[in-house]
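Input: a single structure, listed below in structure tokens.
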Amino acid sequence: MTKTKLFIITFFTLMSFSVLANSYTGFDGWLDMMSDFITDFWAFFDTDIPEFIIRFYAWLIEWVVLASLKLELEMIKFSWLVAKQILENFNVTSQVSSALSALPADVRAAVADMRALDAFNIIINAYVTRYVMRFF
């Protein structure tokens, strides 16, 4: 940055600060200053603190809702893992397959064409997962 640009920026910055300053002169100025101080003091307690409390509670509610949604999502994931382990321990798929092998060939073909075994597995998975989710 060149010296000229730096000088111009500094000059206009300092000029703008002098415009913002209030000048209190004499006894009337002192009374205006006290009035402004009391007004600002009252506005702090009347508007700033209540707005801060409202913003804090809005933030807190938002945080609690997001945390509960994240917790619920993790519980669903955990419940599914537990349900999957239960289904693997009971060998539900192999038991259904062995029961299906006892059926005649044309009935097995019809069940395979309708994908009834897949639907049955999905329904069993859903019931076991719902059962596990009751505990969490």
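A note on labels: chains of the structure tokens are A, B, ... as shown, every chain counts residues from 1, and ligands are counted from 1 in their shown order.
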Quiz prompt | Spatial neighbours of segment 82-86 of chain A, max dist 7 Å, only C-alpha atoms, sep filter under 6 positions, as a PyMOL selection string | solution = chain A and resi 128-129+132
Can those selected residues be exported to a file as a tab-separated table (two decimals), in the first residue's frame so that it contains N, CA and C atoms?
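Output contents, as saved in out.tsv:
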```
chain	number	residue	atom	x	y	z
A	128	VAL	N	-38.36	-56.82	14.70
A	128	VAL	CA	-37.28	-56.98	15.67
A	128	VAL	C	-36.68	-55.62	16.01
A	129	THR	N	-36.50	-54.77	15.00
A	129	THR	CA	-35.95	-53.43	15.25
A	129	THR	C	-36.90	-52.62	16.13
A	132	VAL	N	-36.54	-53.83	19.67
A	132	VAL	CA	-35.29	-53.35	20.29
A	132	VAL	C	-35.41	-51.86	20.62
```
Exercise. Skip segment 88-104 of chain A itself and residues of its chain fewer than 3 positions away, then list as a PyMOL selection string all residues within 10 Å of it, counting only C-alpha atoms.
Key: chain A and resi 82-85+107-109+111-112+117-118+120-121+124-125
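When atom CA of Tyr127 of chain A is paired with atom CA of Ser68 of chain A, their separation reads 23.8 Å.
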Exercise. Have a look at atom CA of Tyr24 of chain A and atom CA of Asp36 of chain A and let me know their distance in Å, one decimal.
Key: 10.9 Å
